[in-house]
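This is coords-v6.pdb (PDB, C-alpha atoms).
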ATOM      1  CA  MET S   1     173.386 139.372 282.795
ATOM      2  CA  LEU S   2     174.429 139.898 279.218
ATOM      3  CA  ASN S   3     176.138 143.128 280.168
ATOM      4  CA  THR S   4     178.972 140.989 281.449
ATOM      5  CA  VAL S   5     178.965 138.592 278.500
ATOM      6  CA  ASP S   6     181.331 139.864 275.850
ATOM      7  CA  LEU S   7     180.599 138.096 272.580
ATOM      8  CA  LYS S   8     183.901 139.207 271.051
ATOM      9  CA  GLN S   9     185.686 137.683 274.018
ATOM     10  CA  ILE S  10     183.808 134.398 273.562
ATOM     11  CA  GLU S  11     184.796 134.291 269.898
ATOM     12  CA  ARG S  12     188.421 135.184 270.637
ATOM     13  CA  LYS S  13     188.654 132.537 273.362
ATOM     14  CA  ALA S  14     187.222 129.920 270.999
ATOM     15  CA  TYR S  15     189.610 130.987 268.246
ATOM     16  CA  ARG S  16     192.694 131.055 270.453
ATOM     17  CA  SER S  17     191.833 127.631 271.829
ATOM     18  CA  THR S  18     192.758 126.235 268.402
ATOM     19  CA  TYR S  19     196.391 127.135 269.194
ATOM     20  CA  GLU S  20     196.354 125.452 272.590
ATOM     21  CA  ASP S  21     197.843 122.230 271.235
ATOM     22  CA  GLY S  22     201.281 123.825 270.678
ATOM     23  CA  LEU S  23     201.608 122.099 267.304
ATOM     24  CA  TRP S  24     202.431 125.311 265.456
ATOM     25  CA  ASP S  25     205.242 125.977 267.942
ATOM     26  CA  ILE S  26     206.579 122.443 267.470
ATOM     27  CA  CYS S  27     206.428 122.715 263.667
ATOM     28  CA  ILE S  28     208.145 126.129 263.570
ATOM     29  CA  GLY S  29     210.671 125.058 266.216
ATOM     30  CA  VAL S  30     211.701 122.063 264.111
ATOM     31  CA  ILE S  31     211.972 124.205 260.960
ATOM     32  CA  VAL S  32     214.027 126.943 262.690
ATOM     33  CA  SER S  33     216.370 124.332 264.182
ATOM     34  CA  ALA S  34     216.664 122.734 260.753
ATOM     35  CA  MET S  35     217.845 126.047 259.296
ATOM     36  CA  ALA S  36     221.146 125.263 261.029
ATOM     37  CA  ILE S  37     221.755 122.687 258.293
ATOM     38  CA  PHE S  38     222.137 125.567 255.836
ATOM     39  CA  VAL S  39     225.163 126.966 257.603
ATOM     40  CA  HIS S  40     226.683 123.649 258.548
ATOM     41  CA  TYR S  41     229.766 123.074 256.410
ATOM     42  CA  PRO S  42     230.698 119.388 256.595
ATOM     43  CA  GLU S  43     234.285 118.307 255.903
ATOM     44  CA  SER S  44     233.068 116.752 252.681
ATOM     45  CA  GLY S  45     232.027 120.250 251.638
ATOM     46  CA  TYR S  46     228.757 122.079 251.286
ATOM     47  CA  SER S  47     226.552 120.218 248.855
ATOM     48  CA  ALA S  48     223.033 119.377 247.772
ATOM     49  CA  ILE S  49     222.884 117.079 250.817
ATOM     50  CA  ASN S  50     222.521 120.193 252.993
ATOM     51  CA  VAL S  51     219.493 121.308 250.999
ATOM     52  CA  ILE S  52     217.988 117.799 250.920
ATOM     53  CA  ALA S  53     218.508 117.412 254.691
ATOM     54  CA  PHE S  54     216.781 120.748 255.277
ATOM     55  CA  LEU S  55     213.861 119.784 253.044
ATOM     56  CA  ILE S  56     213.486 116.500 254.946
ATOM     57  CA  ALA S  57     213.504 118.348 258.285
ATOM     58  CA  PHE S  58     211.024 120.879 256.865
ATOM     59  CA  SER S  59     208.731 118.035 255.783
ATOM     60  CA  VAL S  60     209.004 116.431 259.230
ATOM     61  CA  GLY S  61     207.932 119.721 260.869
ATOM     62  CA  ASP S  62     205.038 120.176 258.448
ATOM     63  CA  GLY S  63     204.062 116.517 258.714
ATOM     64  CA  LEU S  64     203.928 116.757 262.521
ATOM     65  CA  LEU S  65     201.602 119.748 262.232
ATOM     66  CA  ILE S  66     199.235 118.229 259.661
ATOM     67  CA  ALA S  67     199.103 114.748 261.210
ATOM     68  CA  GLY S  68     198.902 116.154 264.750
ATOM     69  CA  LYS S  69     195.967 118.429 263.881
ATOM     70  CA  LYS S  70     194.135 115.610 262.113
ATOM     71  CA  TYR S  71     194.751 112.664 264.417
ATOM     72  CA  ILE S  72     195.354 114.271 267.821
ATOM     73  CA  THR S  73     193.799 117.731 268.033
ATOM     74  CA  GLN S  74     190.542 117.301 266.126
ATOM     75  CA  PRO S  75     189.338 114.123 267.873
ATOM     76  CA  ARG S  76     190.028 115.708 271.270
ATOM     77  CA  MET S  77     189.033 119.291 270.734
ATOM     78  CA  GLY S  78     186.485 119.033 267.955
ATOM     79  CA  GLN S  79     186.107 121.044 264.823
ATOM     80  CA  VAL S  80     184.941 124.585 264.335
ATOM     81  CA  ARG S  81     184.322 126.904 261.438
ATOM     82  CA  PHE S  82     184.668 130.570 262.282
ATOM     83  CA  GLY S  83     182.493 133.389 261.008
ATOM     84  CA  PRO S  84     182.926 135.799 258.090
ATOM     85  CA  VAL S  85     185.070 138.259 260.081
ATOM     86  CA  ARG S  86     187.795 135.630 260.611
ATOM     87  CA  GLN S  87     187.540 134.494 257.007
ATOM     88  CA  ARG S  88     187.988 138.108 255.842
ATOM     89  CA  LYS S  89     191.042 138.404 258.088
ATOM     90  CA  ILE S  90     192.568 135.302 256.495
ATOM     91  CA  LYS S  91     192.034 136.825 253.031
ATOM     92  CA  THR S  92     193.594 140.113 254.196
ATOM     93  CA  LEU S  93     196.553 138.186 255.582
ATOM     94  CA  ALA S  94     196.981 136.319 252.297
ATOM     95  CA  ILE S  95     197.046 139.635 250.385
ATOM     96  CA  ILE S  96     199.526 141.264 252.783
ATOM     97  CA  LEU S  97     201.819 138.225 252.744
ATOM     98  CA  GLY S  98     201.582 138.140 248.943
ATOM     99  CA  VAL S  99     202.783 141.753 248.778
ATOM    100  CA  ILE S 100     205.587 141.057 251.275
ATOM    101  CA  VAL S 101     206.758 137.963 249.356
ATOM    102  CA  PHE S 102     206.638 139.941 246.100
ATOM    103  CA  MET S 103     208.844 142.645 247.623
ATOM    104  CA  GLN S 104     211.205 139.992 248.979
ATOM    105  CA  VAL S 105     211.496 138.362 245.551
ATOM    106  CA  ILE S 106     212.396 141.730 244.030
ATOM    107  CA  LEU S 107     214.994 142.373 246.738
ATOM    108  CA  VAL S 108     216.524 138.908 246.368
ATOM    109  CA  GLY S 109     216.526 139.401 242.586
ATOM    110  CA  LEU S 110     218.358 142.678 242.943
ATOM    111  CA  THR S 111     220.856 140.995 245.292
ATOM    112  CA  ALA S 112     221.437 138.271 242.713
ATOM    113  CA  ILE S 113     222.120 140.935 240.108
ATOM    114  CA  GLY S 114     224.612 142.537 242.507
ATOM    115  CA  TRP S 115     226.501 139.248 243.104
ATOM    116  CA  PRO S 116     228.545 139.273 239.941
ATOM    117  CA  ASN S 117     229.533 142.797 240.786
ATOM    118  CA  PRO S 118     231.190 142.845 244.239
ATOM    119  CA  ALA S 119     232.542 146.287 243.498
ATOM    120  CA  LEU S 120     228.985 147.604 243.772
ATOM    121  CA  GLY S 121     228.648 146.348 247.365
ATOM    122  CA  GLU S 122     232.045 147.722 248.188
ATOM    123  CA  THR S 123     231.145 151.112 246.757
ATOM    124  CA  LEU S 124     227.841 151.181 248.633
ATOM    125  CA  LEU S 125     228.997 149.928 252.020
ATOM    126  CA  GLY S 126     232.751 150.094 252.094
ATOM    127  CA  ASP S 127     233.747 147.081 254.195
ATOM    128  CA  TYR S 128     232.840 143.398 254.387
ATOM    129  CA  ASP S 129     231.630 143.396 258.019
ATOM    130  CA  LEU S 130     229.171 146.170 257.352
ATOM    131  CA  GLU S 131     227.921 144.319 254.288
ATOM    132  CA  ARG S 132     227.364 141.175 256.356
ATOM    133  CA  LEU S 133     225.558 143.159 259.041
ATOM    134  CA  LEU S 134     223.302 144.659 256.386
ATOM    135  CA  VAL S 135     222.439 141.256 254.904
ATOM    136  CA  ALA S 136     221.766 139.866 258.401
ATOM    137  CA  SER S 137     219.514 142.847 259.165
ATOM    138  CA  VAL S 138     217.615 142.370 255.913
ATOM    139  CA  GLY S 139     217.211 138.670 256.793
ATOM    140  CA  PHE S 140     215.918 139.677 260.245
ATOM    141  CA  LEU S 141     213.288 141.916 258.662
ATOM    142  CA  PHE S 142     212.439 139.348 255.953
ATOM    143  CA  VAL S 143     211.449 136.817 258.594
ATOM    144  CA  GLY S 144     210.398 139.049 261.485
ATOM    145  CA  ILE S 145     207.921 141.326 259.705
ATOM    146  CA  PRO S 146     205.765 138.594 258.092
ATOM    147  CA  MET S 147     205.693 136.610 261.358
ATOM    148  CA  ILE S 148     204.577 139.643 263.347
ATOM    149  CA  VAL S 149     201.924 140.437 260.725
ATOM    150  CA  ILE S 150     200.719 136.808 260.929
ATOM    151  CA  ALA S 151     200.635 136.947 264.745
ATOM    152  CA  PHE S 152     198.702 140.222 264.713
ATOM    153  CA  ILE S 153     196.091 139.320 262.089
ATOM    154  CA  ASN S 154     195.735 135.726 263.264
ATOM    155  CA  ASP S 155     195.256 136.774 266.884
ATOM    156  CA  PHE S 156     198.134 134.522 267.939
ATOM    157  CA  PRO S 157     200.005 136.229 270.834
ATOM    158  CA  ARG S 158     202.757 133.573 271.003
ATOM    159  CA  GLY S 159     203.437 134.396 267.362
ATOM    160  CA  TYR S 160     205.253 137.601 268.426
ATOM    161  CA  TYR S 161     207.658 135.584 270.572
ATOM    162  CA  ILE S 162     208.102 133.031 267.791
ATOM    163  CA  GLY S 163     208.574 135.789 265.190
ATOM    164  CA  VAL S 164     211.284 137.545 267.196
ATOM    165  CA  LEU S 165     213.135 134.270 267.820
ATOM    166  CA  MET S 166     212.892 133.257 264.152
ATOM    167  CA  ALA S 167     214.214 136.639 263.075
ATOM    168  CA  MET S 168     217.007 136.459 265.660
ATOM    169  CA  ALA S 169     217.936 132.982 264.411
ATOM    170  CA  VAL S 170     218.281 134.254 260.834
ATOM    171  CA  PHE S 171     220.130 137.391 261.907
ATOM    172  CA  LEU S 172     222.715 135.581 264.063
ATOM    173  CA  MET S 173     223.066 132.731 261.587
ATOM    174  CA  ILE S 174     223.980 135.098 258.765
ATOM    175  CA  LEU S 175     226.137 137.337 260.923
ATOM    176  CA  THR S 176     228.180 134.628 262.627
ATOM    177  CA  ASN S 177     227.780 131.764 260.173
ATOM    178  CA  GLN S 178     227.310 129.430 263.150
ATOM    179  CA  PRO S 179     224.550 126.786 263.240
ATOM    180  CA  ILE S 180     224.217 126.929 267.039
ATOM    181  CA  TYR S 181     222.004 130.049 267.010
ATOM    182  CA  ALA S 182     219.359 128.468 264.804
ATOM    183  CA  ILE S 183     219.349 125.373 267.021
ATOM    184  CA  ALA S 184     219.100 127.502 270.179
ATOM    185  CA  CYS S 185     216.303 129.722 268.848
ATOM    186  CA  GLY S 186     214.483 126.683 267.428
ATOM    187  CA  GLY S 187     214.783 125.007 270.830
ATOM    188  CA  LEU S 188     213.331 128.067 272.564
ATOM    189  CA  ILE S 189     210.302 127.762 270.280
ATOM    190  CA  LEU S 190     210.091 123.962 270.381
ATOM    191  CA  VAL S 191     210.285 123.409 274.166
ATOM    192  CA  PRO S 192     207.261 125.613 275.098
ATOM    193  CA  GLY S 193     205.420 123.914 272.203
ATOM    194  CA  ILE S 194     206.059 120.484 273.701
ATOM    195  CA  VAL S 195     204.962 121.720 277.149
ATOM    196  CA  LEU S 196     201.759 123.122 275.632
ATOM    197  CA  PHE S 197     201.183 119.871 273.757
ATOM    198  CA  ILE S 198     201.469 117.789 276.946
ATOM    199  CA  ARG S 199     199.115 120.168 278.756
ATOM    200  CA  PHE S 200     196.707 119.926 275.845
ATOM    201  CA  LEU S 201     196.686 116.122 276.011
ATOM    202  CA  LYS S 202     195.875 116.286 279.726
ATOM    203  CA  LYS S 203     193.221 118.967 279.331
ATOM    204  CA  TYR S 204     191.418 117.322 276.415
ATOM    205  CA  PRO S 205     191.239 113.560 276.911
ATOM    206  CA  ILE S 206     189.936 111.563 273.986
ATOM    207  CA  SER S 207     186.148 110.965 273.961
ATOM    208  CA  ARG S 208     184.994 107.540 275.073
ATOM    209  CA  GLY S 209     184.144 105.177 272.240
ATOM    210  CA  ASP S 210     180.405 105.349 272.903
ATOM    211  CA  GLU S 211     180.263 109.104 273.246
ATOM    212  CA  ILE S 212     182.103 110.289 270.210
ATOM    213  CA  ASN S 213     180.960 113.618 268.942
ATOM    214  CA  GLY S 214     177.362 113.544 270.011
ATOM    215  CA  SER S 215     176.493 109.989 268.975
ATOM    216  CA  ARG S 216     176.089 107.019 271.248
TER     217      ARG S 216
ATOM    218  CA  MET D   1     151.105 153.956 287.239
ATOM    219  CA  ASP D   2     150.112 150.372 288.127
ATOM    220  CA  GLN D   3     149.366 149.802 284.479
ATOM    221  CA  ASP D   4     152.902 150.992 283.555
ATOM    222  CA  LYS D   5     154.496 148.737 286.145
ATOM    223  CA  ARG D   6     152.468 145.790 284.948
ATOM    224  CA  SER D   7     153.525 146.338 281.343
ATOM    225  CA  ASP D   8     157.208 146.508 282.413
ATOM    226  CA  LEU D   9     156.900 143.275 284.332
ATOM    227  CA  SER D  10     155.083 141.611 281.497
ATOM    228  CA  LYS D  11     158.135 142.296 279.327
ATOM    229  CA  LEU D  12     160.191 140.351 281.848
ATOM    230  CA  VAL D  13     157.767 137.448 281.716
ATOM    231  CA  GLU D  14     157.938 137.503 277.916
ATOM    232  CA  ILE D  15     161.687 136.775 277.911
ATOM    233  CA  ASP D  16     162.396 133.767 275.685
ATOM    234  CA  ARG D  17     162.937 130.921 278.157
ATOM    235  CA  MET D  18     164.404 128.743 275.475
ATOM    236  CA  VAL D  19     167.355 131.162 275.264
ATOM    237  CA  HIS D  20     167.313 132.271 278.906
ATOM    238  CA  GLU D  21     168.394 128.928 280.387
ATOM    239  CA  PRO D  22     172.156 129.320 281.174
ATOM    240  CA  ALA D  23     173.386 126.198 279.366
ATOM    241  CA  ARG D  24     171.369 126.988 276.243
ATOM    242  CA  LEU D  25     172.439 130.619 276.454
ATOM    243  CA  ALA D  26     176.090 129.484 276.453
ATOM    244  CA  ILE D  27     175.474 127.220 273.440
ATOM    245  CA  MET D  28     173.655 129.950 271.521
ATOM    246  CA  ALA D  29     176.200 132.650 272.413
ATOM    247  CA  LEU D  30     179.001 130.467 271.092
ATOM    248  CA  LEU D  31     177.148 129.468 267.928
ATOM    249  CA  TYR D  32     176.237 133.127 267.400
ATOM    250  CA  VAL D  33     179.892 134.172 267.063
ATOM    251  CA  ILE D  34     181.039 131.263 264.884
ATOM    252  CA  GLU D  35     179.672 129.679 261.740
ATOM    253  CA  SER D  36     179.414 126.081 262.942
ATOM    254  CA  ALA D  37     181.046 123.647 265.340
ATOM    255  CA  ASP D  38     180.870 119.987 266.144
ATOM    256  CA  PHE D  39     179.580 118.466 269.351
ATOM    257  CA  THR D  40     183.040 117.923 270.874
ATOM    258  CA  PHE D  41     184.083 121.539 270.329
ATOM    259  CA  LEU D  42     180.889 122.825 271.943
ATOM    260  CA  MET D  43     181.301 120.443 274.861
ATOM    261  CA  ASN D  44     184.861 121.671 275.467
ATOM    262  CA  GLN D  45     184.026 125.338 275.126
ATOM    263  CA  THR D  46     180.864 125.363 277.235
ATOM    264  CA  GLY D  47     182.072 122.887 279.846
ATOM    265  CA  LEU D  48     178.781 120.970 279.617
ATOM    266  CA  SER D  49     178.684 117.215 280.023
ATOM    267  CA  TRP D  50     177.795 114.958 277.097
ATOM    268  CA  GLY D  51     174.274 114.281 278.402
ATOM    269  CA  ASN D  52     173.587 117.902 279.269
ATOM    270  CA  LEU D  53     174.698 119.203 275.911
ATOM    271  CA  SER D  54     172.767 116.480 274.109
ATOM    272  CA  THR D  55     169.533 117.380 275.967
ATOM    273  CA  HIS D  56     169.858 121.106 275.334
ATOM    274  CA  MET D  57     170.860 120.489 271.740
ATOM    275  CA  SER D  58     167.622 118.545 271.177
ATOM    276  CA  LYS D  59     165.533 121.296 272.774
ATOM    277  CA  LEU D  60     167.147 124.000 270.666
ATOM    278  CA  GLU D  61     166.702 121.894 267.567
ATOM    279  CA  GLU D  62     163.008 121.335 268.345
ATOM    280  CA  ALA D  63     162.587 125.097 268.772
ATOM    281  CA  GLY D  64     164.137 125.595 265.358
ATOM    282  CA  TYR D  65     167.028 127.623 266.793
ATOM    283  CA  ILE D  66     169.819 125.320 265.718
ATOM    284  CA  GLU D  67     170.422 122.987 262.827
ATOM    285  CA  VAL D  68     171.978 119.625 263.653
ATOM    286  CA  GLU D  69     173.726 117.694 260.929
ATOM    287  CA  LYS D  70     174.820 114.131 261.614
ATOM    288  CA  SER D  71     177.400 112.567 259.364
ATOM    289  CA  PHE D  72     180.449 110.326 259.388
ATOM    290  CA  LYS D  73     184.074 111.354 259.154
ATOM    291  CA  GLY D  74     185.753 108.186 258.084
ATOM    292  CA  ARG D  75     184.316 105.684 260.541
ATOM    293  CA  ARG D  76     183.666 108.224 263.274
ATOM    294  CA  PRO D  77     180.239 109.790 263.718
ATOM    295  CA  ASN D  78     180.189 113.562 263.579
ATOM    296  CA  THR D  79     177.476 115.914 264.819
ATOM    297  CA  ASN D  80     177.722 119.426 263.484
ATOM    298  CA  LEU D  81     175.703 122.327 264.876
ATOM    299  CA  ARG D  82     174.909 125.758 263.521
ATOM    300  CA  LEU D  83     172.514 128.542 264.476
ATOM    301  CA  THR D  84     169.508 128.954 262.177
ATOM    302  CA  GLN D  85     168.260 132.375 261.117
ATOM    303  CA  ALA D  86     165.413 132.001 263.618
ATOM    304  CA  GLY D  87     167.958 131.197 266.333
ATOM    305  CA  ARG D  88     170.072 134.187 265.407
ATOM    306  CA  THR D  89     167.062 136.491 265.527
ATOM    307  CA  ALA D  90     165.896 135.005 268.857
ATOM    308  CA  PHE D  91     169.345 135.508 270.368
ATOM    309  CA  GLN D  92     169.548 139.111 269.126
ATOM    310  CA  GLU D  93     166.074 139.819 270.477
ATOM    311  CA  TYR D  94     166.907 138.234 273.829
ATOM    312  CA  ARG D  95     170.126 140.199 274.057
ATOM    313  CA  ARG D  96     168.396 143.451 273.189
ATOM    314  CA  SER D  97     165.582 143.026 275.702
ATOM    315  CA  MET D  98     167.863 141.894 278.525
ATOM    316  CA  LYS D  99     170.232 144.770 277.918
ATOM    317  CA  GLN D 100     167.386 147.268 277.799
ATOM    318  CA  MET D 101     165.937 145.922 281.010
ATOM    319  CA  LEU D 102     169.217 145.846 282.910
ATOM    320  CA  ASP D 103     170.220 149.266 281.667
ATOM    321  CA  ASN D 104     167.009 150.687 283.080
ATOM    322  CA  LEU D 105     167.617 149.354 286.558
ATOM    323  CA  PRO D 106     168.315 152.068 289.136
ATOM    324  CA  ALA D 107     171.942 152.205 290.251
TER     325      ALA D 107
END

Encoded form using structure tokens:
Amino acid sequence: MLNTVDLKQIERKAYRSTYEDGLWDICIGVIVSAMAIFVHYPESGYSAINVIAFLIAFSVGDGLLIAGKKYITQPRMGQVRFGPVRQRKIKTLAIILGVIVFMQVILVGLTAIGWPNPALGETLLGDYDLERLLVASVGFLFVGIPMIVIAFINDFPRGYYIGVLMAMAVFLMILTNQPIYAIACGGLILVPGIVLFIRFLKKYPISRGDEINGSR
Amino acid sequence: MDQDKRSDLSKLVEIDRMVHEPARLAIMALLYVIESADFTFLMNQTGLSWGNLSTHMSKLEEAGYIEVEKSFKGRRPNTNLRLTQAGRTAFQEYRRSMKQMLDNLPA
């Protein structure tokens, strides 16, 4: 009987069920769409309003995730604490992401040093289009690699799809300087998230008042 | 020969019935691979009804295989379950003996 019961599979199924609500997709979708604000140049000119608008959109995405998990997901799905293997994986992920962010900071720092010296870029790459392509490619890797690492370590298969779309959004946004790509990629992340969320609500109805969490 | 057969069969009879029951086996298998979970999570994962899970939870608690902690989260009651060391050992033992027995079956 137990020959057919795979304990790893049981654990993985339980773990992956925590992503069934689609809230991560919705949060990331909103944030990716909001990135469009960065490359939107209003007639009044690019200003701090762009940054403030992005931060507001970012907070909305994050707020949806936190509030949704607390007030919608947990009462319907329940709460779980995973074992030491998962906790070790989270620590590993934190270390890897720390290293990646550190490398990114160094790279951005070096770019900032290069800004006052456009001749350096010209010497290294020759023409403006190539330079733009390089920056877009670096942006693609900056976003794509951490997302794929997160998807792999966190056992989140949809994360690969999200990671590729996020990276594509950054790449096309930098290359073309058009906000539409961020909105389109964000939409392609957001829409499946909403579908998953609706399915989640149907699959996990809220417990009746007299049967909440094991107490009558 | 008869003596050997009898001793093999007696091993089968000695299987821990507390773990062997399918619903309890599902609860213990899930709690074995996680640290703890609340009642709602277990209900969703095992597919057991409220009453069924509640009954089996009480039996496992009486056997000392699980630890049940009742508390409140805000104004909502919360029942948290975790496998005790005795429960973990019983599950490992059950798994080992079942595997051994099934592996020895002729093809």

6 Å contacts from chain S to chain D using all atoms listed in the file, as a PyMOL selection string: chain S and resi 11+77-83+213-214

Residues in the PyMOL selection byres ((chain S and resi 64) around 12), expressed as JSON, numbers by chain: {"S": [21, 22, 23, 24, 25, 26, 27, 28, 29, 30, 31, 57, 58, 59, 60, 61, 62, 63, 65, 66, 67, 68, 69, 70, 71, 72, 73, 194, 197]}

Point-to-point distance in Å for atom CA of Phe91 of chain D and atom CA of Tyr15 of chain S: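 Between these atoms lies a distance of 20.9 Å.
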
Picked residues, the PyMOL selection byres ((chain S and resi 164-177) around 7), expected as a ChimeraX atom specification: /S:32,39,132-133,136-137,139-141,143-144,160-163,178-179,181-182,185

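Closest approach to Arg17 of chain D among D:Ala90, D:Leu105, D:Lys73, D:Leu48 is made by D:Ala90 (distances from all atoms listed in the file).
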
Neighbour list for segment 64-67 of chain D as a count of residues only, cut-off 7 Å, all atoms listed in the file, skip fewer than 2 positions in-chain: 10

Selection near Glu20 of chain S, 7 Å with all atoms listed in the file, sequence-local residues under 2 positions removed, as a list in words: Ser17, Thr18, Gly22, Leu196 and Phe200 of chain S

Two-atom distance - atom CA of Ile153 of chain S, atom CA of Ile95 of chain S (Å): 11.7 Å

Nearest candidate to Ile180 of chain S (options S:Lys8, S:Lys91, S:Ile145, S:Ala36; using all atoms listed in the file):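 Ranking S:Lys8, S:Lys91, S:Ile145, S:Ala36 by distance to Ile180 of chain S, first place goes to S:Ala36.
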
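As for atom CA of Lys13 of chain S and atom CA of Leu190 of chain S, they are spaced 23.3 Å apart.
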
Kindly output segment 52-68 of chain D as a compact mmCIF listing (two decimals), in the coordinates of the input, after building N, CA, C and O atoms.
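Ended up saving to result07.txt:
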# COMPACT_ATOMS: atom_id res chain seq x y z
N ASN D 52 174.16 116.57 279.18
CA ASN D 52 173.59 117.90 279.27
C ASN D 52 173.52 118.59 277.92
O ASN D 52 172.49 119.14 277.53
N LEU D 53 174.64 118.54 277.22
CA LEU D 53 174.70 119.20 275.91
C LEU D 53 173.72 118.55 274.94
O LEU D 53 173.02 119.23 274.19
N SER D 54 173.65 117.21 275.00
CA SER D 54 172.77 116.48 274.11
C SER D 54 171.31 116.89 274.34
O SER D 54 170.55 117.13 273.40
N THR D 55 170.91 117.01 275.62
CA THR D 55 169.53 117.38 275.97
C THR D 55 169.20 118.79 275.45
O THR D 55 168.18 119.00 274.80
N HIS D 56 170.12 119.72 275.75
CA HIS D 56 169.86 121.11 275.33
C HIS D 56 169.91 121.26 273.81
O HIS D 56 169.18 122.05 273.24
N MET D 57 170.77 120.46 273.20
CA MET D 57 170.86 120.49 271.74
C MET D 57 169.51 120.07 271.13
O MET D 57 169.00 120.72 270.22
N SER D 58 168.92 119.02 271.69
CA SER D 58 167.62 118.54 271.18
C SER D 58 166.55 119.61 271.36
O SER D 58 165.73 119.84 270.45
N LYS D 59 166.55 120.26 272.52
CA LYS D 59 165.53 121.30 272.77
C LYS D 59 165.68 122.47 271.80
O LYS D 59 164.68 122.97 271.27
N LEU D 60 166.91 122.87 271.59
CA LEU D 60 167.15 124.00 270.67
C LEU D 60 166.80 123.61 269.24
O LEU D 60 166.30 124.44 268.46
N GLU D 61 167.02 122.36 268.92
CA GLU D 61 166.70 121.89 267.57
C GLU D 61 165.18 121.86 267.38
O GLU D 61 164.66 122.30 266.35
N GLU D 62 164.48 121.38 268.41
CA GLU D 62 163.01 121.34 268.35
C GLU D 62 162.43 122.74 268.19
O GLU D 62 161.44 122.94 267.49
N ALA D 63 163.07 123.71 268.85
CA ALA D 63 162.59 125.10 268.77
C ALA D 63 162.95 125.75 267.43
O ALA D 63 162.51 126.86 267.13
N GLY D 64 163.74 125.06 266.66
CA GLY D 64 164.14 125.60 265.36
C GLY D 64 165.27 126.60 265.45
O GLY D 64 165.52 127.35 264.50
N TYR D 65 165.97 126.64 266.61
CA TYR D 65 167.03 127.62 266.79
C TYR D 65 168.39 127.13 266.29
O TYR D 65 169.27 127.94 266.00
N ILE D 66 168.56 125.84 266.27
CA ILE D 66 169.82 125.32 265.72
C ILE D 66 169.54 124.22 264.71
O ILE D 66 168.47 123.59 264.72
N GLU D 67 170.52 124.01 263.86
CA GLU D 67 170.42 122.99 262.83
C GLU D 67 171.47 121.93 263.18
O GLU D 67 172.64 122.28 263.40
N VAL D 68 171.05 120.70 263.29
CA VAL D 68 171.98 119.62 263.65
C VAL D 68 172.17 118.71 262.45
O VAL D 68 171.21 118.22 261.86
